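One file, input-v6.cif, is given below (mmCIF, C-alpha atoms (C1' of nucleotides)).
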```cif
data_run
loop_
_atom_site.label_atom_id
_atom_site.label_comp_id
_atom_site.auth_asym_id
_atom_site.auth_seq_id
_atom_site.Cartn_x
_atom_site.Cartn_y
_atom_site.Cartn_z
CA MET A 1 99.09 100.81 116.74
CA ARG A 2 96.04 101.01 114.58
CA LEU A 3 93.34 98.53 113.63
CA LEU A 4 92.42 97.97 110.01
CA PRO A 5 88.78 97.99 108.90
CA HIS A 6 86.95 94.70 109.31
CA PRO A 7 83.36 93.58 108.89
CA ALA A 8 81.31 93.64 112.07
CA THR A 9 80.63 90.28 113.63
CA GLU A 10 77.00 90.26 112.56
CA ASP A 11 77.99 91.09 108.99
CA ILE A 12 80.19 88.03 108.57
CA GLU A 13 78.61 85.84 105.89
CA LEU A 14 78.81 82.08 105.97
CA THR A 15 79.36 81.64 102.25
CA GLU A 16 82.15 84.23 102.25
CA VAL A 17 83.90 82.54 105.14
CA LEU A 18 83.64 79.18 103.41
CA ARG A 19 84.94 80.66 100.20
CA ALA A 20 87.83 82.32 102.00
CA LEU A 21 88.73 78.99 103.60
CA SER A 22 88.41 77.04 100.36
CA ASP A 23 91.78 78.14 98.99
CA PRO A 24 94.74 75.96 100.04
CA ILE A 25 97.00 78.93 100.60
CA ARG A 26 94.49 80.77 102.71
CA LEU A 27 93.73 77.62 104.65
CA GLU A 28 97.41 77.27 105.36
CA ILE A 29 97.57 80.83 106.63
CA VAL A 30 94.60 80.16 108.89
CA ALA A 31 96.06 76.90 110.17
CA ARG A 32 99.32 78.61 110.98
CA LEU A 33 97.53 81.43 112.71
CA ALA A 34 95.67 78.89 114.78
CA ALA A 35 99.00 77.40 115.79
CA VAL A 36 100.99 80.52 116.55
CA GLY A 37 98.21 82.91 117.53
CA GLU A 38 99.59 85.95 115.81
CA MET A 39 101.83 86.54 112.86
CA THR A 40 103.15 89.34 110.72
CA CYS A 41 102.32 89.29 107.04
CA GLY A 42 105.99 88.83 106.32
CA ASP A 43 106.24 85.75 108.50
CA ALA A 44 103.17 84.31 106.86
CA GLY A 45 104.51 84.98 103.39
CA ASP A 46 107.77 83.20 104.11
CA HIS A 47 105.98 79.87 104.18
CA LEU A 48 103.66 80.28 101.25
CA GLY A 49 105.73 80.14 98.08
CA VAL A 50 103.84 82.87 96.31
CA HIS A 51 104.71 86.42 95.44
CA LYS A 52 104.23 88.90 98.25
CA SER A 53 101.53 90.73 96.34
CA THR A 54 99.65 87.46 95.93
CA ALA A 55 100.01 86.82 99.63
CA SER A 56 98.75 90.31 100.35
CA HIS A 57 95.71 89.60 98.22
CA HIS A 58 94.98 86.52 100.33
CA TYR A 59 95.35 88.50 103.56
CA ARG A 60 92.81 90.93 102.27
CA THR A 61 90.41 88.17 101.26
CA LEU A 62 90.63 86.64 104.73
CA ARG A 63 90.18 90.01 106.40
CA GLU A 64 87.21 91.05 104.27
CA ALA A 65 85.53 87.70 104.86
CA GLY A 66 85.88 88.31 108.59
CA VAL A 67 88.23 85.41 109.20
CA VAL A 68 91.24 87.36 110.39
CA CYS A 69 91.89 90.61 112.13
CA THR A 70 94.84 92.82 111.25
CA LYS A 71 96.47 95.44 113.36
CA GLN A 72 99.36 97.61 112.46
CA GLU A 73 102.27 98.30 114.76
CA GLY A 74 104.98 100.38 113.24
CA ARG A 75 105.91 98.92 109.92
CA LEU A 76 104.54 95.51 110.75
CA LYS A 77 101.03 94.21 110.39
CA TYR A 78 99.91 91.47 112.70
CA MET A 79 97.19 89.05 111.74
CA SER A 80 95.17 86.91 114.10
CA LEU A 81 92.12 84.71 113.81
CA ARG A 82 88.75 86.15 114.75
CA ARG A 83 88.02 83.03 116.76
CA ASP A 84 85.48 84.50 119.11
CA ASP A 85 83.57 86.39 116.44
CA LEU A 86 83.43 83.35 114.19
CA ASP A 87 82.32 81.20 117.07
CA VAL A 88 79.48 83.57 117.84
CA ARG A 89 78.28 83.59 114.26
CA PHE A 90 79.00 79.98 113.32
CA PRO A 91 79.58 77.87 116.41
CA GLY A 92 82.03 75.05 115.90
CA LEU A 93 82.74 75.86 112.28
CA LEU A 94 86.27 77.15 112.63
CA ASP A 95 87.24 74.39 115.04
CA SER A 96 86.03 71.67 112.71
CA VAL A 97 87.83 73.24 109.77
CA LEU A 98 91.03 73.55 111.77
CA ALA A 99 90.76 69.98 112.97
CA ALA A 100 90.11 68.81 109.43
CA SER A 101 93.04 70.82 108.12
CA GLY A 102 95.36 69.07 110.51
CA ALA A 103 96.04 72.15 112.59
CA LEU A 104 96.75 71.94 116.27
CA ALA A 105 93.58 73.34 117.76
CA ARG A 106 95.62 74.93 120.60
CA ARG A 107 92.63 75.85 122.59
CA MET B 1 68.62 51.57 90.26
CA ARG B 2 72.15 52.56 89.64
CA LEU B 3 74.67 54.62 91.59
CA LEU B 4 76.58 57.41 89.90
CA PRO B 5 80.36 57.71 90.29
CA HIS B 6 81.53 59.53 93.41
CA PRO B 7 84.90 60.16 95.02
CA ALA B 8 85.86 57.63 97.66
CA THR B 9 85.60 58.82 101.23
CA GLU B 10 89.34 59.11 101.65
CA ASP B 11 89.61 61.16 98.47
CA ILE B 12 87.26 63.89 99.64
CA GLU B 13 89.29 67.10 99.92
CA LEU B 14 88.59 69.71 102.54
CA THR B 15 89.13 72.69 100.25
CA GLU B 16 86.85 71.23 97.62
CA VAL B 17 84.10 70.61 100.13
CA LEU B 18 84.43 74.16 101.43
CA ARG B 19 84.36 75.52 97.93
CA ALA B 20 81.32 73.47 97.05
CA LEU B 21 79.54 74.82 100.13
CA SER B 22 80.58 78.41 99.50
CA ASP B 23 77.96 79.04 96.84
CA PRO B 24 74.56 80.21 98.12
CA ILE B 25 72.63 78.01 95.71
CA ARG B 26 74.60 74.92 96.58
CA LEU B 27 74.33 75.69 100.25
CA GLU B 28 70.59 75.91 99.83
CA ILE B 29 70.53 72.54 98.13
CA VAL B 30 72.55 71.07 100.96
CA ALA B 31 70.36 72.64 103.62
CA ARG B 32 67.24 71.28 101.95
CA LEU B 33 68.81 67.86 101.65
CA ALA B 34 69.58 67.98 105.35
CA ALA B 35 65.95 68.75 106.01
CA VAL B 36 64.25 66.27 103.71
CA GLY B 37 66.87 63.54 103.52
CA GLU B 38 66.49 62.79 99.87
CA MET B 39 65.35 64.71 96.85
CA THR B 40 65.13 64.41 93.10
CA CYS B 41 67.04 66.90 91.01
CA GLY B 42 63.73 68.21 89.76
CA ASP B 43 62.43 68.89 93.25
CA ALA B 44 65.64 70.65 94.12
CA GLY B 45 65.51 72.76 90.99
CA ASP B 46 61.95 73.92 91.72
CA HIS B 47 63.20 75.97 94.64
CA LEU B 48 66.33 77.44 93.16
CA GLY B 49 65.29 79.99 90.57
CA VAL B 50 67.98 79.08 88.10
CA HIS B 51 67.91 77.29 84.78
CA LYS B 52 67.86 73.52 84.98
CA SER B 53 71.24 73.26 83.30
CA THR B 54 72.68 75.60 85.90
CA ALA B 55 71.14 73.51 88.63
CA SER B 56 72.60 70.40 87.05
CA HIS B 57 76.02 72.02 87.12
CA HIS B 58 75.63 72.60 90.85
CA TYR B 59 74.57 69.00 91.45
CA ARG B 60 77.68 67.86 89.70
CA THR B 61 79.88 70.20 91.70
CA LEU B 62 78.42 68.88 94.94
CA ARG B 63 78.76 65.29 93.81
CA GLU B 64 82.36 65.66 92.62
CA ALA B 65 83.32 67.38 95.85
CA GLY B 66 81.94 64.40 97.74
CA VAL B 67 79.15 66.31 99.43
CA VAL B 68 76.22 64.50 97.92
CA CYS B 69 75.49 61.06 96.59
CA THR B 70 73.26 60.50 93.57
CA LYS B 71 71.41 57.38 92.61
CA GLN B 72 69.21 56.86 89.63
CA GLU B 73 65.86 55.15 89.73
CA GLY B 74 64.05 55.11 86.46
CA ARG B 75 63.98 58.58 85.06
CA LEU B 76 64.61 60.21 88.40
CA LYS B 77 67.87 60.94 90.13
CA TYR B 78 67.85 61.11 93.89
CA MET B 79 70.40 63.13 95.79
CA SER B 80 71.31 62.74 99.43
CA LEU B 81 74.00 64.10 101.72
CA ARG B 82 77.06 61.98 102.37
CA ARG B 83 76.74 62.69 106.07
CA ASP B 84 78.63 59.68 107.34
CA ASP B 85 81.48 59.97 104.87
CA LEU B 86 81.89 63.66 105.58
CA ASP B 87 81.80 63.03 109.29
CA VAL B 88 84.55 60.46 108.99
CA ARG B 89 86.75 62.80 107.01
CA PHE B 90 85.89 66.08 108.70
CA PRO B 91 84.14 65.49 112.02
CA GLY B 92 81.61 68.15 112.90
CA LEU B 93 82.14 70.19 109.77
CA LEU B 94 78.87 69.50 108.03
CA ASP B 95 76.87 69.89 111.21
CA SER B 96 78.36 73.27 111.97
CA VAL B 97 77.77 74.44 108.42
CA LEU B 98 74.18 73.25 108.53
CA ALA B 99 73.61 74.89 111.88
CA ALA B 100 75.14 78.11 110.60
CA SER B 101 73.05 77.99 107.46
CA GLY B 102 69.88 77.84 109.50
CA ALA B 103 69.03 74.31 108.48
CA LEU B 104 67.16 71.99 110.78
CA ALA B 105 69.82 69.50 111.69
CA ARG B 106 67.21 66.69 111.82
CA ARG B 107 69.56 64.23 113.34
"C1'" DC C 1 57.36 52.89 68.01
"C1'" DC C 2 56.45 57.46 69.32
"C1'" DT C 3 56.28 60.87 72.60
"C1'" DA C 4 56.86 63.10 76.90
"C1'" DT C 5 59.74 63.39 81.04
"C1'" DA C 6 64.04 64.13 83.64
"C1'" DG C 7 68.35 65.50 83.55
"C1'" DT C 8 73.07 66.10 81.35
"C1'" DT C 9 76.27 68.02 78.09
"C1'" DT C 10 77.80 71.40 74.98
"C1'" DT C 11 78.49 76.02 73.60
"C1'" DA C 12 78.84 80.73 74.52
"C1'" DT C 13 79.14 84.72 77.49
"C1'" DC C 14 80.59 87.36 81.23
"C1'" DG C 15 82.23 88.27 85.64
"C1'" DT C 16 85.50 86.65 89.21
"C1'" DT C 17 89.89 85.01 90.91
"C1'" DG C 18 94.82 83.73 91.47
"C1'" DT C 19 99.11 85.09 89.96
"C1'" DC C 20 103.18 88.02 89.10
"C1'" DA C 21 105.57 92.39 88.22
"C1'" DA C 22 106.06 96.96 89.00
"C1'" DA C 23 104.80 101.06 91.12
"C1'" DC C 24 103.29 103.04 95.30
"C1'" DA C 25 102.68 104.20 100.40
"C1'" DT C 26 104.13 104.28 105.03
"C1'" DT C 27 107.09 103.75 108.77
"C1'" DG C 28 111.47 103.49 111.24
"C1'" DC C 29 116.30 104.55 111.26
"C1'" DG C 30 120.81 106.62 110.49
"C1'" DC D 1 116.49 114.18 104.83
"C1'" DG D 2 117.34 109.97 102.47
"C1'" DC D 3 117.12 105.10 102.60
"C1'" DA D 4 115.69 100.52 103.68
"C1'" DA D 5 111.91 97.60 105.22
"C1'" DT D 6 107.13 96.10 105.01
"C1'" DG D 7 103.14 95.67 102.78
"C1'" DT D 8 99.44 97.33 99.46
"C1'" DT D 9 97.69 98.66 95.04
"C1'" DT D 10 97.43 98.58 90.16
"C1'" DG D 11 97.74 96.42 85.73
"C1'" DA D 12 97.84 92.50 82.90
"C1'" DC D 13 96.77 87.87 81.92
"C1'" DA D 14 95.15 83.20 82.11
"C1'" DA D 15 92.06 80.07 84.36
"C1'" DC D 16 87.87 79.25 86.44
"C1'" DG D 17 82.91 79.55 87.45
"C1'" DA D 18 77.95 80.75 87.14
"C1'" DT D 19 74.58 81.26 83.91
"C1'" DA D 20 71.36 80.25 80.05
"C1'" DA D 21 70.01 78.17 75.53
"C1'" DA D 22 69.97 74.42 72.78
"C1'" DA D 23 71.11 69.88 71.68
"C1'" DC D 24 71.42 65.45 73.49
"C1'" DT D 25 70.54 60.92 76.33
"C1'" DA D 26 67.87 57.76 78.66
"C1'" DT D 27 63.75 56.04 80.44
"C1'" DA D 28 58.81 55.31 81.09
"C1'" DG D 29 54.29 55.07 79.16
"C1'" DG D 30 50.71 54.91 75.71
#
```
Represent the structure from my file as structure tokens, please.
Amino acid sequence: MRLLPHPATEDIELTEVLRALSDPIRLEIVARLAAVGEMTCGDAGDHLGVHKSTASHHYRTLREAGVVCTKQEGRLKYMSLRRDDLDVRFPGLLDSVLAASGALARR
Amino acid sequence: MRLLPHPATEDIELTEVLRALSDPIRLEIVARLAAVGEMTCGDAGDHLGVHKSTASHHYRTLREAGVVCTKQEGRLKYMSLRRDDLDVRFPGLLDSVLAASGALARR
DNA sequence: CCTATAGTTTTATCGTTGTCAAACATTGCG
DNA sequence: CGCAATGTTTGACAACGATAAAACTATAGG
């Protein structure tokens, strides 16, 4: 049960977060994460309609931007939103994006 | 005193707005617009450190994404933020981005 | 009318990005 | 051990984007 490397909260950059969120597929991943809380990469990929390597690329983009957190348990990798970290850095940003994307805020 | 073509409010797309805001130069333009309200392209360009044609490209990107509005008066073109339109489409988004970018909200 | 001003468009270059396919790595299971 | 499951990485390719230079457009002013 190991945690993958992520940028520290204070290293999360606004422009990188915005860029990460500016792709429809990544936005969909984020919206789904907001709805279900946690998800394996496989579950995410099932809804995306792209090749699994493409999906993996998007997971990495989201992780490196500081938007999601990934932890490994066995063979599975679980993603979740870094809600608290994002809210510290950019208060209200994620919520407004989620609301705008039509996601259930679930908070 | 003519208005340049812009997307209608309901046609403003979230991902395009996020993409437009995800470039440091464009974010700077937006932050300055938030501070001063209105600005000519020339004034904007003076602070950006890029070629005027590059700056013009960024103005167009912002305009086509629905982030700014441009009106021409004589030889000058004035840009301003489409605050109200953005707030209708994506409530709170622009404010949180501006706050995160360190802009004075001035509202 | 001629010129300067303010910006846009065009052209070219170069790096980045999204995509898939195929190979690879790691983990759990029989 | 060997095999299947779950993702990641690498390689290739096409599309896009940021940039600058130069040509162009439009307007104001002398």
What's the 10 Å shell around stretch 6-19 of chain D, counting all atoms listed in the file, without same-chain residues fewer than 4 positions away, as a ChimeraX atom specification? /A:40-42,52-53,55-57,60,74-77 /B:23,50-51,53-55,57-58 /C:13-27
Just want the 12 Å neighbourhood of D:DA22, counted on only C-alpha atoms (C1' of nucleotides), with same-chain residues fewer than 3 positions away dropped. Output as a ChimeraX atom specification. /B:53 /C:9-12
For chain A, list the residues within 6 Å of chain B, counting only C-alpha atoms, and write the list as a ChimeraX atom specification. /A:15,18-19,22,90,92-93,96,100
Atom CA of B:Asp43 and atom CA of B:Met79 are how many Å apart?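 About the pair atom CA of B:Asp43 and atom CA of B:Met79: they are 10.2 Å apart.
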Go ahead and compute the interatomic distance for atom CA of A:Leu81 and atom CA of A:Cys69, in Å to one decimal.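 Separation of atom CA of A:Leu81 and atom CA of A:Cys69: 6.1 Å.
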Expanded to explicit residues, what is the PyMOL selection byres ((chain C) within 8 of (chain B)) for this file, as number ranges by chain? C: 5-8
Can you spell out as a CSV table (one decimal) with C-alpha atoms (C1' of nucleotides), in the frame of the given file the set of residues that the PyMOL selection byres ((chain C and resi 1) around 12) selects in the structure I just provided?
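See result21.csv below for the written result:
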```
chain,number,residue,atom,x,y,z
C,2,DC,C1',56.4,57.5,69.3
C,3,DT,C1',56.3,60.9,72.6
D,29,DG,C1',54.3,55.1,79.2
D,30,DG,C1',50.7,54.9,75.7
```
Find, counting only C-alpha atoms, the residue in B:Pro7, B:Ile12, B:Lys71, B:Ser80 that gets nearest to B:Ile29.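 Smallest distance to B:Ile29 is found for B:Ser80.
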I'd like to know which of A:Gly49, A:Gly102, A:Gly37, A:Gly66 is closest to A:Leu86, using only C-alpha atoms.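 So, comparing all the options, the nearest one is A:Gly66.
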Please tabulate, as a Markdown table, the residues of chain D that come within 10 Å of chain B, each with its closest pair of atoms and the distance in Å to one decimal, counting only C-alpha atoms (C1' of nucleotides) and ordering rows by chain, then residue number upward.
```
| residue | atom | partner | partner_atom | distance |
| --- | --- | --- | --- | --- |
| D:DA18 | C1' | B:Thr54 | CA | 7.5 |
| D:DT19 | C1' | B:Thr54 | CA | 6.3 |
| D:DA20 | C1' | B:His51 | CA | 6.6 |
| D:DA21 | C1' | B:Ser53 | CA | 9.3 |
| D:DA26 | C1' | B:Arg75 | CA | 7.5 |
| D:DT27 | C1' | B:Arg75 | CA | 5.3 |
| D:DA28 | C1' | B:Arg75 | CA | 7.3 |
```
Here atom CA of A:Met39 and atom CA of A:Ala65 stand apart by 18.2 Å
Hits from the PyMOL selection byres ((chain D and resi 2) around 12), listed as a PDB file with C-alpha atoms (C1' of nucleotides), in the coordinates of the input:
```pdb
ATOM      1  C1'  DC C  29     116.300 104.550 111.260  1.00  0.00           C
ATOM      2  C1'  DG C  30     120.810 106.620 110.490  1.00  0.00           C
TER       3       DG C  30
ATOM      4  C1'  DC D   1     116.490 114.180 104.830  1.00  0.00           C
ATOM      5  C1'  DC D   3     117.120 105.100 102.600  1.00  0.00           C
ATOM      6  C1'  DA D   4     115.690 100.520 103.680  1.00  0.00           C
TER       7       DA D   4
END
```
